[in-house]
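**Student:** Next up, data_12.csv (CSV, C-alpha atoms and all ligand atoms).
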```
chain,number,residue,atom,x,y,z
A,228,GLU,CA,22.1,211.5,56.0
A,229,TRP,CA,20.9,211.3,59.6
A,230,ILE,CA,22.2,213.7,62.1
A,231,LEU,CA,21.8,213.6,65.9
A,232,HIS,CA,20.3,216.7,67.6
A,233,ASN,CA,19.6,216.6,71.3
A,234,GLY,CA,19.0,212.8,71.4
A,235,GLU,CA,16.8,212.8,68.2
A,236,PHE,CA,17.8,211.6,64.8
A,237,ILE,CA,16.7,214.2,62.2
A,238,ARG,CA,17.6,215.2,58.6
A,239,GLU,CA,20.1,218.0,58.1
A,240,ASN,CA,17.4,220.4,56.7
A,241,GLU,CA,15.4,220.0,59.9
A,242,LEU,CA,18.3,221.3,62.1
A,243,ASN,CA,17.7,224.7,63.7
A,244,VAL,CA,20.4,226.4,65.6
A,245,SER,CA,19.6,229.7,67.3
A,246,LYS,CA,21.4,232.9,66.4
A,247,GLU,CA,22.1,233.2,70.1
A,248,ASP,CA,23.5,229.7,70.6
A,249,ARG,CA,26.5,230.2,72.8
A,250,GLY,CA,28.6,227.9,70.7
A,251,TYR,CA,27.9,230.1,67.7
A,252,GLN,CA,28.5,233.3,69.5
A,253,PHE,CA,31.3,232.5,72.1
A,254,GLY,CA,32.6,229.1,71.0
A,255,ASP,CA,31.1,228.1,74.4
A,256,GLY,CA,31.2,224.3,74.0
A,257,ILE,CA,33.4,221.3,73.4
A,258,TYR,CA,33.7,218.5,70.8
A,259,GLU,CA,35.2,215.2,69.9
A,260,VAL,CA,36.2,213.5,66.6
A,261,ILE,CA,35.8,209.7,66.8
A,262,ARG,CA,37.2,207.4,64.1
A,263,VAL,CA,35.1,204.6,62.6
A,264,TYR,CA,36.9,201.6,61.2
A,265,GLN,CA,34.9,198.9,59.6
A,266,GLY,CA,31.7,200.2,61.1
A,267,ASN,CA,33.2,200.2,64.7
A,268,LEU,CA,33.9,203.3,66.8
A,269,PHE,CA,37.6,203.1,67.6
A,270,THR,CA,38.5,203.8,71.2
A,271,ALA,CA,34.9,205.0,71.8
A,272,LYS,CA,35.2,204.7,75.6
A,273,GLU,CA,38.3,207.0,75.7
A,274,HIS,CA,36.7,209.6,73.4
A,275,ILE,CA,33.4,209.5,75.4
A,276,ASP,CA,35.3,209.9,78.7
A,277,ARG,CA,37.2,212.9,77.4
A,278,PHE,CA,34.0,214.4,76.0
A,279,TYR,CA,32.4,214.3,79.5
A,280,ASP,CA,35.7,215.5,81.1
A,281,SER,CA,35.9,218.5,78.7
A,282,ALA,CA,32.2,219.3,79.4
A,283,GLU,CA,32.8,219.1,83.2
A,284,LYS,CA,35.8,221.4,83.0
A,285,ILE,CA,33.6,224.1,81.5
A,286,LYS,CA,30.6,223.3,83.6
A,287,ILE,CA,28.4,221.9,81.0
A,288,VAL,CA,26.2,219.0,82.2
A,289,ILE,CA,25.6,216.4,79.5
A,290,PRO,CA,22.0,215.2,80.0
A,291,TYR,CA,22.7,211.6,79.1
A,292,THR,CA,24.5,208.7,80.8
A,293,LYS,CA,27.7,207.6,79.0
A,294,ASP,CA,26.0,204.4,78.0
A,295,VAL,CA,23.1,206.2,76.4
A,296,PHE,CA,25.5,208.6,74.7
A,297,HIS,CA,27.6,205.6,73.4
A,298,LYS,CA,24.4,204.0,72.0
A,299,MET,CA,23.5,207.2,70.2
A,300,MET,CA,26.9,207.4,68.6
A,301,TYR,CA,26.7,203.7,67.6
A,302,ASP,CA,23.2,204.2,66.1
A,303,LEU,CA,24.4,207.3,64.2
A,304,VAL,CA,27.1,205.2,62.5
A,305,GLU,CA,24.8,202.3,61.8
A,306,MET,CA,21.9,204.4,60.4
A,307,ASN,CA,24.3,206.2,58.0
A,308,GLU,CA,26.0,202.9,57.0
A,309,ILE,CA,29.5,204.3,57.7
A,310,ASP,CA,32.2,201.8,57.1
A,311,ASN,CA,35.3,203.9,57.3
A,312,GLY,CA,34.9,207.4,58.5
A,313,GLN,CA,34.4,209.6,61.6
A,314,VAL,CA,31.8,211.0,63.8
A,315,TYR,CA,32.0,214.7,64.8
A,316,VAL,CA,30.1,215.5,68.0
A,317,GLN,CA,29.8,218.8,69.8
A,318,ILE,CA,27.8,220.2,72.7
A,319,THR,CA,27.3,223.9,73.4
A,320,ARG,CA,26.0,225.7,76.5
A,321,GLY,CA,22.9,226.3,74.4
A,322,GLU,CA,20.7,229.3,73.6
A,323,ALA,CA,20.5,232.4,75.8
A,324,MET,CA,20.3,236.2,75.4
A,325,ARG,CA,23.9,237.3,74.7
A,326,GLN,CA,25.8,238.1,77.8
A,327,HIS,CA,29.1,236.7,78.8
A,328,HIS,CA,28.3,235.0,82.0
A,329,PHE,CA,26.5,231.7,82.0
A,330,PRO,CA,22.7,231.9,81.7
A,331,GLN,CA,20.7,230.9,84.8
A,332,VAL,CA,18.9,228.1,83.0
A,333,THR,CA,20.8,226.2,80.4
A,334,SER,CA,19.8,223.5,78.1
A,335,PRO,CA,22.9,222.4,76.2
A,336,VAL,CA,22.7,221.7,72.5
A,337,LEU,CA,24.2,218.5,71.2
A,338,VAL,CA,24.8,217.9,67.5
A,339,ALA,CA,26.6,214.9,65.9
A,340,TYR,CA,27.1,213.8,62.4
A,341,PRO,CA,29.2,211.2,60.6
A,342,LYS,CA,31.3,211.4,57.5
A,343,LYS,CA,32.9,208.8,55.3
A,344,VAL,CA,36.6,209.1,55.1
A,345,GLU,CA,39.4,206.7,54.1
A,346,ARG,CA,42.7,206.3,56.0
A,347,PRO,CA,45.4,208.7,54.6
A,348,VAL,CA,47.6,205.8,53.6
A,349,GLU,CA,49.6,207.5,50.9
A,350,MET,CA,50.5,210.4,53.1
A,351,MET,CA,51.4,208.0,56.0
A,352,GLU,CA,53.7,206.2,53.6
A,353,ALA,CA,55.4,209.3,52.1
A,354,GLY,CA,55.4,211.5,55.2
A,355,VAL,CA,54.5,215.2,55.3
A,356,LYS,CA,56.0,218.6,55.7
A,357,ALA,CA,55.5,220.8,58.8
A,358,ALA,CA,56.2,224.4,59.8
A,359,PHE,CA,57.0,226.0,63.1
A,360,VAL,CA,54.4,228.4,64.4
A,361,GLU,CA,54.4,230.2,67.7
A,362,ASP,CA,51.8,228.7,70.1
A,363,VAL,CA,49.7,231.7,71.2
A,364,ARG,CA,46.7,229.7,72.4
A,365,TRP,CA,45.3,230.0,75.9
A,366,LEU,CA,46.5,228.0,78.9
A,367,ARG,CA,43.7,225.3,78.9
A,368,CYS,CA,44.6,223.4,75.9
A,369,ASP,CA,43.7,220.2,77.8
A,370,ILE,CA,40.0,221.1,77.1
A,371,LYS,CA,38.7,220.1,73.7
A,372,SER,CA,37.1,223.5,73.3
A,373,LEU,CA,35.2,224.7,70.3
A,374,ASN,CA,37.3,227.8,70.5
A,375,LEU,CA,39.9,226.9,67.8
A,376,LEU,CA,41.0,230.3,66.6
A,377,GLY,CA,44.6,229.8,67.8
A,378,ASN,CA,44.6,226.4,66.1
A,379,VAL,CA,43.0,227.6,62.9
A,380,MET,CA,45.3,230.6,62.6
A,381,ALA,CA,48.3,228.3,63.1
A,382,LYS,CA,47.1,225.7,60.6
A,383,GLN,CA,46.5,228.4,58.0
A,384,GLU,CA,50.0,229.8,58.5
A,385,ALA,CA,51.4,226.3,57.9
A,386,HIS,CA,49.1,225.7,55.0
A,387,GLU,CA,50.3,229.0,53.3
A,388,ALA,CA,53.8,227.8,53.8
A,389,GLY,CA,53.0,224.6,51.9
A,390,ALA,CA,53.1,222.5,55.1
A,391,TYR,CA,50.6,219.9,56.2
A,392,GLU,CA,50.8,220.7,59.9
A,393,ALA,CA,52.0,223.5,62.2
A,394,ILE,CA,54.4,222.5,65.0
A,395,LEU,CA,53.4,224.8,67.8
A,396,HIS,CA,56.0,226.1,70.3
A,397,ARG,CA,55.8,228.3,73.3
A,398,GLY,CA,59.1,230.2,73.1
A,399,GLU,CA,61.6,227.4,72.4
A,400,VAL,CA,59.5,224.5,73.7
A,401,VAL,CA,57.5,222.4,71.2
A,402,THR,CA,54.0,221.7,72.6
A,403,GLU,CA,51.9,219.9,70.0
A,404,GLY,CA,50.5,220.3,66.5
A,405,SER,CA,47.6,222.6,65.6
A,406,SER,CA,45.3,219.5,65.5
A,407,SER,CA,47.7,216.7,66.6
A,408,ASN,CA,50.3,215.6,69.1
A,409,MET,CA,54.0,215.8,68.3
A,410,TYR,CA,56.8,213.3,68.9
A,411,GLY,CA,60.6,213.3,68.4
A,412,ILE,CA,62.8,210.3,68.3
A,413,LYS,CA,66.5,210.4,69.2
A,414,ASN,CA,68.7,207.3,69.6
A,415,GLY,CA,65.6,205.0,69.9
A,416,VAL,CA,63.9,207.1,72.5
A,417,ILE,CA,60.5,208.8,71.9
A,418,TYR,CA,60.0,212.2,73.4
A,419,THR,CA,56.7,214.0,73.6
A,420,HIS,CA,55.3,216.8,75.7
A,421,PRO,CA,53.8,215.7,79.0
A,422,ALA,CA,50.0,215.7,79.3
A,423,THR,CA,49.7,219.1,81.0
A,424,ASN,CA,47.3,222.1,80.4
A,425,LEU,CA,49.5,223.0,77.5
A,426,ILE,CA,48.4,220.2,75.2
A,427,LEU,CA,45.4,218.1,74.4
A,428,ASN,CA,46.1,214.6,75.7
A,429,GLY,CA,45.2,212.8,72.4
A,430,ILE,CA,43.5,209.5,72.4
A,431,THR,CA,45.9,208.4,69.6
A,432,ARG,CA,48.7,209.6,71.9
A,433,ARG,CA,47.5,207.3,74.6
A,434,VAL,CA,47.2,204.3,72.2
A,435,ILE,CA,50.8,205.1,71.0
A,436,LEU,CA,52.2,205.2,74.6
A,437,GLU,CA,50.5,201.9,75.3
A,438,LEU,CA,51.9,200.3,72.1
A,439,CYS,CA,55.4,201.5,73.0
A,440,LYS,CA,55.1,199.8,76.3
A,441,GLU,CA,54.1,196.5,74.6
A,442,GLN,CA,56.9,196.9,72.1
A,443,GLY,CA,59.5,197.8,74.6
A,444,ILE,CA,60.1,201.2,73.1
A,445,THR,CA,61.3,203.8,75.6
A,446,VAL,CA,59.1,206.9,75.8
A,447,GLN,CA,59.9,210.0,77.8
A,448,GLU,CA,57.1,212.4,78.4
A,449,THR,CA,59.5,215.3,78.3
A,450,ALA,CA,59.2,218.3,76.1
A,451,PHE,CA,61.8,219.1,73.4
A,452,THR,CA,62.8,222.4,71.9
A,453,LYS,CA,62.7,223.7,68.3
A,454,THR,CA,66.5,223.2,68.0
A,455,GLU,CA,66.2,219.7,69.3
A,456,ALA,CA,63.4,219.0,67.0
A,457,LEU,CA,65.5,219.8,64.0
A,458,GLU,CA,68.2,217.4,65.3
A,459,MET,CA,65.9,214.5,65.9
A,460,ASP,CA,66.3,211.2,64.0
A,461,GLU,CA,62.6,211.1,63.3
A,462,ILE,CA,59.5,213.3,64.0
A,463,PHE,CA,55.9,212.2,63.8
A,464,MET,CA,52.5,213.5,64.7
A,465,SER,CA,49.4,211.7,65.7
A,466,SER,CA,45.6,212.3,65.7
A,467,THR,CA,42.4,210.5,65.2
A,468,THR,CA,42.3,211.4,61.5
A,469,ALA,CA,46.0,211.4,60.7
A,470,GLU,CA,46.9,208.3,62.9
A,471,ILE,CA,50.7,208.1,63.0
A,472,MET,CA,52.0,210.6,60.4
A,473,PRO,CA,55.7,210.9,59.7
A,474,ILE,CA,57.1,214.4,59.4
A,475,ILE,CA,60.0,214.5,57.0
A,476,GLN,CA,60.7,218.2,56.8
A,477,ILE,CA,60.3,221.3,59.1
A,478,ASP,CA,60.5,224.7,57.5
A,479,GLY,CA,62.3,223.2,54.5
A,480,GLN,CA,64.9,221.3,56.6
A,481,ASN,CA,65.1,217.6,56.4
A,482,ILE,CA,64.5,215.5,59.5
A,483,GLY,CA,66.9,212.6,59.5
A,484,GLU,CA,67.2,211.5,55.9
A,485,GLY,CA,64.0,213.3,54.9
A,486,VAL,CA,62.0,210.1,54.7
A,487,PRO,CA,59.8,208.3,57.2
A,488,GLY,CA,62.0,206.7,59.9
A,489,GLU,CA,62.2,203.1,60.9
A,490,LEU,CA,60.8,203.4,64.4
A,491,THR,CA,57.9,205.5,63.1
A,492,LYS,CA,57.1,202.8,60.5
A,493,LYS,CA,57.3,200.1,63.2
A,494,LEU,CA,54.8,202.1,65.3
A,495,GLN,CA,52.5,202.5,62.2
A,496,GLN,CA,52.5,198.8,61.8
A,497,ALA,CA,51.8,198.1,65.4
A,498,PHE,CA,48.9,200.7,65.2
A,499,GLU,CA,47.5,199.1,62.2
A,500,ALA,CA,47.7,195.6,63.7
A,501,ASN,CA,45.8,197.0,66.7
A,502,LEU,CA,42.8,198.0,64.5
A,503,LYS,CA,42.0,194.4,63.6
B,601,LIG,N1,42.1,217.0,66.7
B,601,LIG,N2,46.0,218.2,69.8
B,601,LIG,C1,45.0,219.0,69.3
B,601,LIG,C2,45.1,220.4,69.5
B,601,LIG,C3,44.0,218.4,68.6
B,601,LIG,O1,43.0,219.2,68.0
B,601,LIG,C4,43.9,217.0,68.4
B,601,LIG,C5,42.8,216.3,67.6
B,601,LIG,C6,44.9,216.2,69.0
B,601,LIG,C7,45.0,214.7,68.8
B,601,LIG,O2,44.0,214.1,69.6
B,601,LIG,P1,43.3,212.7,69.2
B,601,LIG,O3,44.4,211.7,69.1
B,601,LIG,O4,42.4,212.4,70.4
B,601,LIG,O5,42.6,212.9,67.9
B,601,LIG,C8,45.9,216.8,69.7
B,601,LIG,C9,41.0,216.5,66.0
B,601,LIG,C10,41.2,215.2,65.3
B,601,LIG,C11,40.3,217.6,65.2
B,601,LIG,O6,40.2,218.7,65.7
B,601,LIG,O7,39.9,217.3,64.1
```
What's the structure tokens form of this structure?

**Tutor:**
Amino acid sequence: EWILHNGEFIRENELNVSKEDRGYQFGDGIYEVIRVYQGNLFTAKEHIDRFYDSAEKIKIVIPYTKDVFHKMMYDLVEMNEIDNGQVYVQITRGEAMRQHHFPQVTSPVLVAYPKKVERPVEMMEAGVKAAFVEDVRWLRCDIKSLNLLGNVMAKQEAHEAGAYEAILHRGEVVTEGSSSNMYGIKNGVIYTHPATNLILNGITRRVILELCKEQGITVQETAFTKTEALEMDEIFMSSTTAEIMPIIQIDGQNIGEGVPGELTKKLQQAFEANLK
């Protein structure tokens, strides 16, 4: 396997990361996960734009143009002969003597590697269970930060409860999933939290909103509560890896009939058609 390190393709055993890399010590960096379908990077431009936006928000300067960066991602996929899979890419503020404030001179450290992974077709057909977990993350969830403790703790809590995803809520208000965006459907209208600082504006979310426009499905970027969630006709989540995933149960309570809903299935079909 070839991995990318600061613009060079190397073998994994050649990778050196400093004990004082700020990503390692502080989670001082940002990342992206980009899906590969049939050897092509799906919505590459949107992921690359968000990668640069996240970096800018924490004042990391990526030392490549977007075109060069795109080419590197493309080469990584090709050199590793990835058909269906994903690319993980992160950039940290780099190596510096441990102190909280930014070092004077920084050379960011970029690492990217691909992985073969099939689409989760069975789960998308059957639907998954979710669990409510209080959203105790910070107030800049719009940044795709390497600091994922809040997300990791939430996912673990859901996992221990036998659920696939945690539905995060700040007080009564549902924000998003621990690694996904969240949607509720009531009387044919799709509700989802607006793209504020309280959620990550998913690329899959943006694709879904676009598909809804094309299909004439009404979307309201309005948050819903936990109580409202349980009364929805359908609930689904979205992410690069999970695509459009029906949620059929929350904390043991059925959503609708406890099976994937019609509108969710329609969206799944539209999403799949969009990949070809
Ligand atoms: N997670 N919200 C959060 C908190 C996320 O971590 C993610 C993605 C999303 C969905 O974004 P997108 O549609 O662009 O993948 C929403 C990635 C897949 C991960 O951490 O593995």

**Student:** Report, in Å with one decimal, the straight-line distance from atom CA of A:Lys298 to atom O2 of ligand LIG 601 (chain B).

**Tutor:**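 Straight-line distance from atom CA of A:Lys298 to atom O2 of ligand LIG 601 (chain B) works out to 22.2 Å.
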
**Student:** What residues have any atom no more than 9 Å from ligand LIG 601 (chain B) when counting only C-alpha atoms and all ligand atoms, and can you list them as a PyMOL selection string?

**Tutor:** chain A and resi 258-262+273-274+277+315+368-369+371+375+378+403-409+426-434+464-470

**Student:** Rounded to one decimal place, report the atom CA of A:Ala357-atom CA of A:Ala385 distance in Å.

**Tutor:**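 Taking atom CA of A:Ala357 as the start and atom CA of A:Ala385 as the end point, the length is 6.9 Å.
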
**Student:** Using all atoms listed in the file, which of the listed residues (A:Glu349, A:Asp248, A:Glu361, A:Asp294) sits closest to A:Ile318?

**Tutor:**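 Checking each of A:Glu349, A:Asp248, A:Glu361, A:Asp294 against A:Ile318, counting all atoms listed in the file, the winner is A:Asp248.
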
**Student:** With only C-alpha atoms as the atoms that count, which of A:Ile444, A:Val288, A:Leu376, A:Ile417 lies nearest to A:Ser334?

**Tutor:**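 Answer, going by the shortest atom-to-atom distance: A:Val288.
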
**Student:** For A:Glu308, which residue out of A:Tyr264, A:Ala271, A:Gln326, A:Met351 is the nearest one, using only C-alpha atoms?

**Tutor:**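 Among A:Tyr264, A:Ala271, A:Gln326, A:Met351, it is A:Tyr264 that comes nearest to A:Glu308.
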
**Student:** Can you measure atom CA of A:Gly377 to atom CA of A:Glu283 for me? One decimal in Å is fine.

**Tutor:**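 These atoms are spaced 22.2 Å apart.
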
**Student:** Smallest atom-to-atom distance to A:Val263: which of A:Phe359, A:Phe236, A:Tyr251, A:Tyr301, using all atoms listed in the file?

**Tutor:**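 Ranking A:Phe359, A:Phe236, A:Tyr251, A:Tyr301 by distance to A:Val263, first place goes to A:Tyr301.
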
**Student:** Find the nearest atom pair between each residue of stretch 330-446 of chain A and stretch 481-502 of chain A for residues within 8 Å, count all atoms listed in the file, give distances in Å to one decimal, sort rows by chain and ascending number, and present the table as CSV.

**Tutor:**
```
residue,atom,partner,partner_atom,distance
A:Glu352,CA,A:Pro487,CA,7.4
A:Ala353,CA,A:Pro487,CA,6.8
A:Gly354,CA,A:Pro487,CA,5.8
A:Gly415,CA,A:Leu490,CA,7.5
A:Ile435,CA,A:Phe498,CA,7.5
A:Leu438,CA,A:Ala497,CA,7.1
A:Cys439,CA,A:Leu494,CA,7.7
```

**Student:** Using only C-alpha atoms, which of the listed residues (A:Thr454, A:Ser281, A:Gln265, A:Gln331) sits closest to A:Ile309?

**Tutor:**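 Checking each candidate against A:Ile309, we get A:Gln265 as the closest.
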
**Student:** Give me the residues within 12 Å of A:Pro290 as a PyMOL selection string, counting only C-alpha atoms and dropping any in the same chain fewer than 4 places off.

**Tutor:** chain A and resi 233-234+279+282-283+294-296+318+320+333-337

**Student:** Let me make sure I understand: among A:Asn414, A:Thr452, A:Thr319, A:Asn311, which one has the smallest atom-to-atom distance to A:Ser245 if we use only C-alpha atoms?

**Tutor:**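 Among A:Asn414, A:Thr452, A:Thr319, A:Asn311, it is A:Thr319 that comes nearest to A:Ser245.
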
**Student:** Taking 5 positions as the minimum chain separation for residues in the same chain, which residues sit within 12 Å of A:Asn307 when counting all atoms listed in the file? Answer as a ChimeraX atom specification.

**Tutor:** /A:228-231,236-238,263,266,300-302,312-314,339-343

**Student:** Name the residues in contact with A:Arg325 at a cut-off of 9 Å, using only C-alpha atoms, excluding same-chain residues fewer than 6 positions from it; report them as a ChimeraX atom specification.

**Tutor:** /A:247-249,252

**Student:** Selected residues, C-alpha atoms, written as an mmCIF file, in the coordinates of the input, please.

**Tutor:**
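This went into part_18.cif:
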```
data_model
loop_
_atom_site.group_PDB
_atom_site.id
_atom_site.type_symbol
_atom_site.label_atom_id
_atom_site.label_comp_id
_atom_site.auth_asym_id
_atom_site.auth_seq_id
_atom_site.Cartn_x
_atom_site.Cartn_y
_atom_site.Cartn_z
ATOM 1 C CA GLU A 247 22.100 233.200 70.100
ATOM 2 C CA ASP A 248 23.500 229.700 70.600
ATOM 3 C CA ARG A 249 26.500 230.200 72.800
ATOM 4 C CA GLN A 252 28.500 233.300 69.500
#
```

**Student:** Could I get stretch 325-398 of chain A from the block written as an mmCIF file, in the first residue's frame, with C-alpha atoms?

**Tutor:**
```cif
data_model
loop_
_atom_site.group_PDB
_atom_site.id
_atom_site.type_symbol
_atom_site.label_atom_id
_atom_site.label_comp_id
_atom_site.auth_asym_id
_atom_site.auth_seq_id
_atom_site.Cartn_x
_atom_site.Cartn_y
_atom_site.Cartn_z
ATOM 1 C CA ARG A 325 4.838 21.159 23.380
ATOM 2 C CA GLN A 326 3.167 24.421 24.267
ATOM 3 C CA HIS A 327 -0.459 25.288 23.672
ATOM 4 C CA HIS A 328 -0.140 28.364 21.489
ATOM 5 C CA PHE A 329 0.816 27.989 17.846
ATOM 6 C CA PRO A 330 4.523 27.617 17.138
ATOM 7 C CA GLN A 331 6.154 30.532 15.330
ATOM 8 C CA VAL A 332 7.260 28.440 12.409
ATOM 9 C CA THR A 333 4.935 25.659 11.351
ATOM 10 C CA SER A 334 5.199 23.073 8.670
ATOM 11 C CA PRO A 335 1.941 21.173 8.602
ATOM 12 C CA VAL A 336 2.031 17.398 8.282
ATOM 13 C CA LEU A 337 -0.278 15.791 5.743
ATOM 14 C CA VAL A 338 -1.011 12.071 5.697
ATOM 15 C CA ALA A 339 -3.477 10.285 3.432
ATOM 16 C CA TYR A 340 -4.198 6.624 2.868
ATOM 17 C CA PRO A 341 -6.893 4.657 1.070
ATOM 18 C CA LYS A 342 -8.912 1.647 2.102
ATOM 19 C CA LYS A 343 -11.058 -0.812 0.187
ATOM 20 C CA VAL A 344 -14.605 -0.876 1.503
ATOM 21 C CA GLU A 345 -17.886 -2.001 -0.016
ATOM 22 C CA ARG A 346 -21.163 -0.109 0.243
ATOM 23 C CA PRO A 347 -23.162 -1.157 3.350
ATOM 24 C CA VAL A 348 -26.020 -2.479 1.201
ATOM 25 C CA GLU A 349 -27.517 -4.930 3.687
ATOM 26 C CA MET A 350 -27.731 -2.365 6.472
ATOM 27 C CA MET A 351 -29.145 0.228 4.102
ATOM 28 C CA GLU A 352 -31.893 -2.231 3.210
ATOM 29 C CA ALA A 353 -32.698 -3.407 6.716
ATOM 30 C CA GLY A 354 -32.159 -0.138 8.590
ATOM 31 C CA VAL A 355 -30.294 0.341 11.860
ATOM 32 C CA LYS A 356 -30.972 1.166 15.497
ATOM 33 C CA ALA A 357 -29.942 4.410 17.169
ATOM 34 C CA ALA A 358 -29.660 5.761 20.700
ATOM 35 C CA PHE A 359 -30.083 9.283 22.064
ATOM 36 C CA VAL A 360 -26.888 10.707 23.555
ATOM 37 C CA GLU A 361 -26.437 14.212 24.989
ATOM 38 C CA ASP A 362 -24.331 16.380 22.672
ATOM 39 C CA VAL A 363 -21.533 17.665 24.893
ATOM 40 C CA ARG A 364 -19.184 18.688 22.094
ATOM 41 C CA TRP A 365 -17.722 22.155 21.654
ATOM 42 C CA LEU A 366 -19.438 24.944 19.689
ATOM 43 C CA ARG A 367 -17.429 24.642 16.458
ATOM 44 C CA CYS A 368 -18.826 21.402 15.098
ATOM 45 C CA ASP A 369 -18.679 23.004 11.630
ATOM 46 C CA ILE A 370 -14.928 22.303 11.647
ATOM 47 C CA LYS A 371 -13.942 18.762 10.667
ATOM 48 C CA SER A 372 -11.499 18.658 13.545
ATOM 49 C CA LEU A 373 -9.287 15.752 14.580
ATOM 50 C CA ASN A 374 -10.596 16.359 18.113
ATOM 51 C CA LEU A 375 -13.266 13.680 18.105
ATOM 52 C CA LEU A 376 -13.505 12.784 21.790
ATOM 53 C CA GLY A 377 -17.094 14.010 22.070
ATOM 54 C CA ASN A 378 -18.024 12.006 18.985
ATOM 55 C CA VAL A 379 -16.072 8.927 20.068
ATOM 56 C CA MET A 380 -17.606 8.908 23.566
ATOM 57 C CA ALA A 381 -21.097 9.269 22.094
ATOM 58 C CA LYS A 382 -20.584 6.489 19.558
ATOM 59 C CA GLN A 383 -19.246 4.204 22.272
ATOM 60 C CA GLU A 384 -22.299 4.859 24.448
ATOM 61 C CA ALA A 385 -24.561 3.992 21.507
ATOM 62 C CA HIS A 386 -22.452 0.953 20.681
ATOM 63 C CA GLU A 387 -22.726 -0.349 24.249
ATOM 64 C CA ALA A 388 -26.493 0.066 23.989
ATOM 65 C CA GLY A 389 -26.458 -2.130 20.878
ATOM 66 C CA ALA A 390 -27.093 0.798 18.533
ATOM 67 C CA TYR A 391 -25.340 1.660 15.275
ATOM 68 C CA GLU A 392 -25.402 5.425 15.735
ATOM 69 C CA ALA A 393 -25.805 8.006 18.480
ATOM 70 C CA ILE A 394 -28.417 10.695 17.864
ATOM 71 C CA LEU A 395 -26.892 13.746 19.522
ATOM 72 C CA HIS A 396 -29.108 16.343 21.195
ATOM 73 C CA ARG A 397 -28.348 19.606 22.957
ATOM 74 C CA GLY A 398 -31.031 19.636 25.590
#
```
